[in-house]
>>> print(open('run27.pdb').read())   # PDB, C-alpha atoms
ATOM      1  CA  ASN A   1     109.684  23.158 -19.327
ATOM      2  CA  ASN A   2     110.482  19.464 -19.157
ATOM      3  CA  ASN A   3     108.418  19.191 -15.942
ATOM      4  CA  ASN A   4     105.456  20.915 -17.628
ATOM      5  CA  ASN A   5     105.720  18.588 -20.611
ATOM      6  CA  ASN A   6     105.806  15.581 -18.281
ATOM      7  CA  ASN A   7     102.727  16.855 -16.398
ATOM      8  CA  ASN A   8     100.868  17.389 -19.678
ATOM      9  CA  ASN A   9     101.769  13.908 -20.826
ATOM     10  CA  ASN A  10     100.604  12.457 -17.502
ATOM     11  CA  ASN A  11      97.300  14.364 -17.735
ATOM     12  CA  ALA A  12      96.777  13.178 -21.305
ATOM     13  CA  ALA A  13      97.548   9.632 -20.206
ATOM     14  CA  THR A  14      95.051   9.893 -17.316
ATOM     15  CA  THR A  15      92.236  11.238 -19.516
ATOM     16  CA  SER A  16      92.884   8.613 -22.176
ATOM     17  CA  GLU A  17      92.895   5.954 -19.425
ATOM     18  CA  GLY A  18      89.538   7.284 -18.195
ATOM     19  CA  LYS A  19      88.121   7.179 -21.732
ATOM     20  CA  ASP A  20      89.476   3.661 -22.197
ATOM     21  CA  LYS A  21      87.839   2.539 -18.958
ATOM     22  CA  THR A  22      84.499   3.999 -20.062
ATOM     23  CA  LYS A  23      84.875   2.270 -23.435
ATOM     24  CA  GLU A  24      85.796  -0.978 -21.659
ATOM     25  CA  ALA A  25      82.703  -0.697 -19.441
ATOM     26  CA  GLN A  26      80.559  -0.088 -22.523
ATOM     27  CA  SER A  27      82.087  -2.897 -24.565
ATOM     28  CA  ALA A  28      82.017  -5.324 -21.611
ATOM     29  CA  SER A  29      78.280  -4.892 -21.256
ATOM     30  CA  GLY A  30      77.790  -4.358 -24.983
ATOM     31  CA  LYS A  31      75.542  -1.394 -24.157
ATOM     32  CA  LYS A  32      75.871   2.318 -24.724
ATOM     33  CA  ILE A  33      75.568   4.506 -21.613
ATOM     34  CA  GLU A  34      72.414   6.647 -21.929
ATOM     35  CA  TYR A  35      71.519   9.829 -20.035
ATOM     36  CA  ARG A  36      68.350  11.685 -18.961
ATOM     37  CA  LYS A  37      67.811  14.940 -17.024
ATOM     38  CA  VAL A  38      64.814  16.106 -14.976
ATOM     39  CA  SER A  39      64.477  19.810 -14.106
ATOM     40  CA  VAL A  40      63.485  20.595 -10.510
ATOM     41  CA  PRO A  41      61.445  23.787  -9.909
ATOM     42  CA  GLN A  42      62.296  25.970  -6.899
ATOM     43  CA  HIS A  43      59.279  24.917  -4.765
ATOM     44  CA  ARG A  44      60.051  21.161  -5.136
ATOM     45  CA  PHE A  45      63.704  21.500  -4.133
ATOM     46  CA  THR A  46      63.156  21.073  -0.365
ATOM     47  CA  PRO A  47      60.827  18.023  -0.691
ATOM     48  CA  LEU A  48      63.376  16.463  -3.074
ATOM     49  CA  LYS A  49      66.172  16.926  -0.498
ATOM     50  CA  GLU A  50      64.027  15.398   2.260
ATOM     51  CA  LYS A  51      62.980  12.362   0.173
ATOM     52  CA  TRP A  52      66.231  11.926  -1.768
ATOM     53  CA  LEU A  53      67.062   8.529  -0.241
ATOM     54  CA  ASP A  54      63.545   7.194  -0.951
ATOM     55  CA  LEU A  55      64.000   8.153  -4.620
ATOM     56  CA  TYR A  56      67.646   7.066  -4.872
ATOM     57  CA  THR A  57      67.208   3.546  -3.458
ATOM     58  CA  PRO A  58      64.695   2.092  -5.989
ATOM     59  CA  VAL A  59      66.485   3.786  -8.931
ATOM     60  CA  THR A  60      69.913   2.371  -8.042
ATOM     61  CA  GLU A  61      68.987  -0.963  -6.430
ATOM     62  CA  GLN A  62      65.913  -2.140  -8.376
ATOM     63  CA  MET A  63      66.466  -0.504 -11.773
ATOM     64  CA  LYS A  64      70.307  -0.566 -11.612
ATOM     65  CA  CYS A  65      70.652   3.032 -12.868
ATOM     66  CA  ASP A  66      72.838   5.879 -11.553
ATOM     67  CA  MET A  67      71.281   9.065 -10.173
ATOM     68  CA  ARG A  68      72.746  12.335  -8.892
ATOM     69  CA  MET A  69      71.620  15.903  -8.192
ATOM     70  CA  ASN A  70      73.367  18.672 -10.121
ATOM     71  CA  LEU A  71      73.059  21.699  -7.813
ATOM     72  CA  LYS A  72      74.379  24.137 -10.422
ATOM     73  CA  THR A  73      71.806  23.337 -13.102
ATOM     74  CA  ARG A  74      69.124  22.272 -10.548
ATOM     75  CA  LYS A  75      68.525  19.044 -12.443
ATOM     76  CA  VAL A  76      68.407  15.393 -11.443
ATOM     77  CA  GLU A  77      70.766  13.498 -13.741
ATOM     78  CA  LEU A  78      70.132   9.824 -14.514
ATOM     79  CA  ARG A  79      72.173   7.357 -16.540
ATOM     80  CA  THR A  80      72.344   3.663 -17.292
ATOM     81  CA  THR A  81      75.165   1.492 -15.943
ATOM     82  CA  PRO A  82      76.698  -1.746 -17.317
ATOM     83  CA  GLU A  83      74.428  -3.588 -14.806
ATOM     84  CA  THR A  84      71.203  -2.027 -16.202
ATOM     85  CA  GLU A  85      69.221  -5.013 -17.511
ATOM     86  CA  ASP A  86      66.274  -3.483 -19.379
ATOM     87  CA  SER A  87      66.582  -0.739 -21.998
ATOM     88  CA  SER A  88      63.332   0.867 -20.744
ATOM     89  CA  SER A  89      64.639   1.174 -17.155
ATOM     90  CA  LEU A  90      66.164   4.636 -17.669
ATOM     91  CA  GLN A  91      62.923   6.116 -19.062
ATOM     92  CA  LYS A  92      60.948   4.534 -16.193
ATOM     93  CA  CYS A  93      63.341   6.099 -13.653
ATOM     94  CA  CYS A  94      62.996   9.448 -15.422
ATOM     95  CA  ASP A  95      59.157   9.200 -15.258
ATOM     96  CA  PHE A  96      59.374   8.206 -11.567
ATOM     97  CA  VAL A  97      61.463  11.281 -10.636
ATOM     98  CA  GLN A  98      59.312  13.516 -12.880
ATOM     99  CA  ALA A  99      56.141  12.290 -11.113
ATOM    100  CA  PHE A 100      57.614  13.206  -7.712
ATOM    101  CA  VAL A 101      58.688  16.628  -9.009
ATOM    102  CA  LEU A 102      55.125  17.208 -10.286
ATOM    103  CA  GLY A 103      53.789  16.639  -6.759
ATOM    104  CA  PHE A 104      52.803  12.946  -6.555
ATOM    105  CA  ASP A 105      53.675  10.913  -3.431
ATOM    106  CA  ILE A 106      56.594   8.481  -3.673
ATOM    107  CA  GLN A 107      54.227   5.536  -2.964
ATOM    108  CA  ASP A 108      52.175   6.512  -6.036
ATOM    109  CA  SER A 109      55.136   7.501  -8.234
ATOM    110  CA  ILE A 110      56.932   4.182  -7.642
ATOM    111  CA  ALA A 111      54.145   2.390  -9.540
ATOM    112  CA  LEU A 112      55.712   3.877 -12.719
ATOM    113  CA  LEU A 113      58.782   1.674 -12.099
ATOM    114  CA  ARG A 114      56.721  -1.488 -11.596
ATOM    115  CA  LEU A 115      53.966  -1.201 -14.204
ATOM    116  CA  ASP A 116      54.260  -0.568 -17.930
ATOM    117  CA  ASP A 117      50.953   1.032 -18.884
ATOM    118  CA  LEU A 118      50.972   4.044 -16.539
ATOM    119  CA  TYR A 119      51.117   7.639 -17.776
ATOM    120  CA  ILE A 120      50.934  11.197 -16.465
ATOM    121  CA  GLU A 121      48.689  13.771 -18.097
ATOM    122  CA  CYS A 122      49.005  17.479 -17.285
ATOM    123  CA  PHE A 123      46.652  20.294 -18.205
ATOM    124  CA  GLU A 124      45.433  23.629 -16.839
ATOM    125  CA  VAL A 125      41.985  24.968 -15.946
ATOM    126  CA  LYS A 126      42.302  27.588 -18.709
ATOM    127  CA  ASP A 127      42.693  24.784 -21.295
ATOM    128  CA  VAL A 128      39.087  23.803 -20.534
ATOM    129  CA  LYS A 129      37.489  27.158 -19.735
ATOM    130  CA  THR A 130      38.785  30.716 -19.332
ATOM    131  CA  LEU A 131      38.055  31.738 -15.736
ATOM    132  CA  LYS A 132      39.379  34.675 -13.728
ATOM    133  CA  GLY A 133      39.341  35.972 -10.155
ATOM    134  CA  GLU A 134      36.589  34.607  -7.908
ATOM    135  CA  HIS A 135      35.288  32.277 -10.624
ATOM    136  CA  LEU A 136      38.700  30.570 -10.872
ATOM    137  CA  SER A 137      38.994  30.227  -7.069
ATOM    138  CA  ARG A 138      35.510  28.688  -6.837
ATOM    139  CA  CYS A 139      36.346  26.298  -9.693
ATOM    140  CA  ILE A 140      39.512  25.025  -7.913
ATOM    141  CA  GLY A 141      37.423  24.661  -4.728
ATOM    142  CA  ARG A 142      34.849  22.594  -6.670
ATOM    143  CA  LEU A 143      37.595  20.296  -8.013
ATOM    144  CA  ALA A 144      39.080  19.605  -4.583
ATOM    145  CA  GLY A 145      35.809  19.534  -2.628
ATOM    146  CA  LYS A 146      35.469  19.935   1.127
ATOM    147  CA  GLY A 147      38.582  18.411   2.710
ATOM    148  CA  GLY A 148      39.595  16.999  -0.694
ATOM    149  CA  LYS A 149      36.451  14.820  -0.837
ATOM    150  CA  THR A 150      35.695  15.375  -4.557
ATOM    151  CA  ARG A 151      39.275  14.622  -5.589
ATOM    152  CA  PHE A 152      39.329  11.420  -3.491
ATOM    153  CA  THR A 153      36.015  10.288  -4.973
ATOM    154  CA  ILE A 154      37.319  10.702  -8.546
ATOM    155  CA  GLU A 155      40.634   9.009  -7.618
ATOM    156  CA  ASN A 156      38.932   5.988  -6.043
ATOM    157  CA  ALA A 157      36.339   5.539  -8.784
ATOM    158  CA  THR A 158      38.830   5.795 -11.653
ATOM    159  CA  ARG A 159      41.885   4.215  -9.926
ATOM    160  CA  THR A 160      44.025   7.265 -10.648
ATOM    161  CA  ARG A 161      45.989   9.759  -8.575
ATOM    162  CA  ILE A 162      45.321  13.483  -9.008
ATOM    163  CA  VAL A 163      47.421  16.503  -8.031
ATOM    164  CA  ILE A 164      45.831  19.951  -8.083
ATOM    165  CA  ALA A 165      48.595  22.570  -7.888
ATOM    166  CA  ASP A 166      47.181  26.085  -8.266
ATOM    167  CA  THR A 167      45.502  25.972 -11.718
ATOM    168  CA  HIS A 168      47.560  22.960 -12.884
ATOM    169  CA  ILE A 169      45.981  19.497 -12.825
ATOM    170  CA  ARG A 170      48.082  16.326 -13.072
ATOM    171  CA  ILE A 171      46.625  12.822 -13.397
ATOM    172  CA  LEU A 172      48.590   9.574 -12.958
ATOM    173  CA  GLY A 173      47.039   6.315 -14.150
ATOM    174  CA  SER A 174      46.379   4.047 -17.127
ATOM    175  CA  PHE A 175      45.343   5.564 -20.451
ATOM    176  CA  GLN A 176      41.620   4.677 -20.131
ATOM    177  CA  ASN A 177      41.370   5.654 -16.465
ATOM    178  CA  ILE A 178      43.028   9.029 -17.112
ATOM    179  CA  LYS A 179      40.417   9.719 -19.808
ATOM    180  CA  VAL A 180      37.506   9.018 -17.406
ATOM    181  CA  ALA A 181      39.085  11.139 -14.623
ATOM    182  CA  ARG A 182      39.845  13.967 -17.073
ATOM    183  CA  ASP A 183      36.231  13.963 -18.365
ATOM    184  CA  ALA A 184      34.942  14.166 -14.768
ATOM    185  CA  ILE A 185      37.302  17.056 -13.928
ATOM    186  CA  CYS A 186      36.379  18.894 -17.148
ATOM    187  CA  GLY A 187      32.696  18.491 -16.236
ATOM    188  CA  LEU A 188      33.326  20.111 -12.840
ATOM    189  CA  ILE A 189      35.333  22.952 -14.424
ATOM    190  CA  LEU A 190      32.485  23.628 -16.873
ATOM    191  CA  GLY A 191      30.072  23.916 -13.938
ATOM    192  CA  SER A 192      28.248  20.555 -13.835
ATOM    193  CA  PRO A 193      26.913  19.613 -10.364
ATOM    194  CA  PRO A 194      29.193  17.079  -8.592
ATOM    195  CA  GLY A 195      26.308  14.579  -8.200
ATOM    196  CA  LYS A 196      25.733  14.472 -11.958
ATOM    197  CA  VAL A 197      29.477  14.125 -12.651
ATOM    198  CA  TYR A 198      29.789  11.257 -10.115
ATOM    199  CA  SER A 199      26.878   9.261 -11.513
ATOM    200  CA  ARG A 200      28.132   9.586 -15.112
ATOM    201  CA  MET A 201      31.684   8.661 -14.032
ATOM    202  CA  ARG A 202      30.514   5.611 -12.037
ATOM    203  CA  GLY A 203      28.412   4.464 -15.002
ATOM    204  CA  ILE A 204      31.457   4.597 -17.305
ATOM    205  CA  CYS A 205      33.656   2.798 -14.730
ATOM    206  CA  ALA A 206      31.027   0.045 -14.283
ATOM    207  CA  ARG A 207      30.903  -0.490 -18.072
ATOM    208  CA  MET A 208      34.697  -0.623 -18.226
ATOM    209  CA  ASN A 209      34.807  -3.228 -15.436
ATOM    210  CA  ASP A 210      32.151  -5.334 -17.221
ATOM    211  CA  LYS A 211      34.277  -5.320 -20.388
ATOM    212  CA  PHE A 212      37.249  -6.757 -18.519
TER     213      PHE A 212
END
>>> encode(input="run27.pdb", output="structure tokens")
Amino acid sequence: NNNNNNNNNNNAATTSEGKDKTKEAQSASGKKIEYRKVSVPQHRFTPLKEKWLDLYTPVTEQMKCDMRMNLKTRKVELRTTPETEDSSSLQKCCDFVQAFVLGFDIQDSIALLRLDDLYIECFEVKDVKTLKGEHLSRCIGRLAGKGGKTRFTIENATRTRIVIADTHIRILGSFQNIKVARDAICGLILGSPPGKVYSRMRGICARMNDKF
């Protein structure tokens, strides 16, 4: 009984020590440790494993945040550390990981860590027009174009990055550029000829460039 009591006391002492250390770390930096979680769908699990180091390095070294993979919950867990300098760093890291999970390349996703005015917009084909069967397949084909040509044209003209995953469309870019790209994509979904969509999109982009 005495041994058990001693063990319990030791355990209590250890946990209280751990809590004290956490409190010390928090008070030393004067910051509260914050947490974020990003869910990883089944089909993005393998790419995440393969590119883990490429994601981990900028998060821990540049943004000074902690990152780990929780295999039980299938979530990437992020948290600030006493070394984290900027309060927005954690949210930027969360957006960076989320962008990769949504299908963007690491080279494109990393821009979310470096620039402030970048966003991701997600929508589905059915949000614009209800299409089924062959009509839906042809619509997705129109959006991508032969060899991805249409998608590249919209990306280059609007300075955005676009991911077409089944019927889901994701756009990464600045607020204004996303709007132009989204309008072009909606035009294609609604059946406008690509030539007409391109000329209207280039006209808008030219006017935007003149403004700046």
>>> resolve_selection(input="run27.pdb", expression="the PyMOL selection byres ((chain A and resi 196-207) around 9)", output="list in words")
Thr153, Ile154, Ala157, Thr158, Asn177, Val180, Ala181, Asp183, Ala184, Ile185, Gly187, Leu188, Ser192, Pro193, Pro194, Gly195, Met208, Asn209, Asp210, Lys211 and Phe212 of chain A
>>> closest_residue(input="run27.pdb", among="A:Cys139, A:Ala144, A:Phe100, A:Thr167", to="Pro41 of chain A", atoms="only C-alpha atoms")
A:Phe100
>>> closest_residue(input="run27.pdb", among="A:Arg142, A:Lys75, A:Arg68, A:Arg161", to="Phe45 of chain A", atoms="only C-alpha atoms")
A:Lys75
>>> closest_residue(input="run27.pdb", among="A:Cys65, A:Cys122, A:Leu53, A:Val40", to="Gly173 of chain A", atoms="all atoms listed in the file")
A:Cys122
>>> closest_residue(input="run27.pdb", among="A:Val163, A:Met69, A:Val101, A:Leu113", to="Ser88 of chain A", atoms="only C-alpha atoms")
A:Leu113
>>> atom_distance(input="run27.pdb", atom1="atom CA of Leu78 of chain A", atom2="atom CA of Arg36 of chain A")
5.1 Å
>>> residues_around(input="run27.pdb", residues="Gln98 of chain A", least_positions_apart="3", cutoff="12 Å", atoms="all atoms listed in the file", output="PDB file with C-alpha atoms, in the frame of the given file")
ATOM      1  CA  ARG A  36      68.350  11.685 -18.961  1.00  0.00           C
ATOM      2  CA  LYS A  37      67.811  14.940 -17.024  1.00  0.00           C
ATOM      3  CA  VAL A  38      64.814  16.106 -14.976  1.00  0.00           C
ATOM      4  CA  SER A  39      64.477  19.810 -14.106  1.00  0.00           C
ATOM      5  CA  VAL A  40      63.485  20.595 -10.510  1.00  0.00           C
ATOM      6  CA  PRO A  41      61.445  23.787  -9.909  1.00  0.00           C
ATOM      7  CA  ARG A  44      60.051  21.161  -5.136  1.00  0.00           C
ATOM      8  CA  LEU A  48      63.376  16.463  -3.074  1.00  0.00           C
ATOM      9  CA  LEU A  55      64.000   8.153  -4.620  1.00  0.00           C
ATOM     10  CA  LYS A  75      68.525  19.044 -12.443  1.00  0.00           C
ATOM     11  CA  VAL A  76      68.407  15.393 -11.443  1.00  0.00           C
ATOM     12  CA  GLU A  77      70.766  13.498 -13.741  1.00  0.00           C
ATOM     13  CA  LEU A  78      70.132   9.824 -14.514  1.00  0.00           C
ATOM     14  CA  GLN A  91      62.923   6.116 -19.062  1.00  0.00           C
ATOM     15  CA  LYS A  92      60.948   4.534 -16.193  1.00  0.00           C
ATOM     16  CA  CYS A  93      63.341   6.099 -13.653  1.00  0.00           C
ATOM     17  CA  CYS A  94      62.996   9.448 -15.422  1.00  0.00           C
ATOM     18  CA  ASP A  95      59.157   9.200 -15.258  1.00  0.00           C
ATOM     19  CA  VAL A 101      58.688  16.628  -9.009  1.00  0.00           C
ATOM     20  CA  LEU A 102      55.125  17.208 -10.286  1.00  0.00           C
ATOM     21  CA  GLY A 103      53.789  16.639  -6.759  1.00  0.00           C
ATOM     22  CA  PHE A 104      52.803  12.946  -6.555  1.00  0.00           C
ATOM     23  CA  ASP A 105      53.675  10.913  -3.431  1.00  0.00           C
ATOM     24  CA  ILE A 106      56.594   8.481  -3.673  1.00  0.00           C
ATOM     25  CA  SER A 109      55.136   7.501  -8.234  1.00  0.00           C
ATOM     26  CA  ILE A 110      56.932   4.182  -7.642  1.00  0.00           C
ATOM     27  CA  LEU A 112      55.712   3.877 -12.719  1.00  0.00           C
ATOM     28  CA  LEU A 113      58.782   1.674 -12.099  1.00  0.00           C
ATOM     29  CA  TYR A 119      51.117   7.639 -17.776  1.00  0.00           C
ATOM     30  CA  ILE A 120      50.934  11.197 -16.465  1.00  0.00           C
ATOM     31  CA  GLU A 121      48.689  13.771 -18.097  1.00  0.00           C
ATOM     32  CA  CYS A 122      49.005  17.479 -17.285  1.00  0.00           C
ATOM     33  CA  ARG A 170      48.082  16.326 -13.072  1.00  0.00           C
ATOM     34  CA  LEU A 172      48.590   9.574 -12.958  1.00  0.00           C
TER      35      LEU A 172
END
>>> atom_distance(input="run27.pdb", atom1="atom CA of Ser87 of chain A", atom2="atom CA of Arg159 of chain A")
27.9 Å
>>> atom_distance(input="run27.pdb", atom1="atom CA of Leu90 of chain A", atom2="atom CA of Asp66 of chain A")
9.1 Å
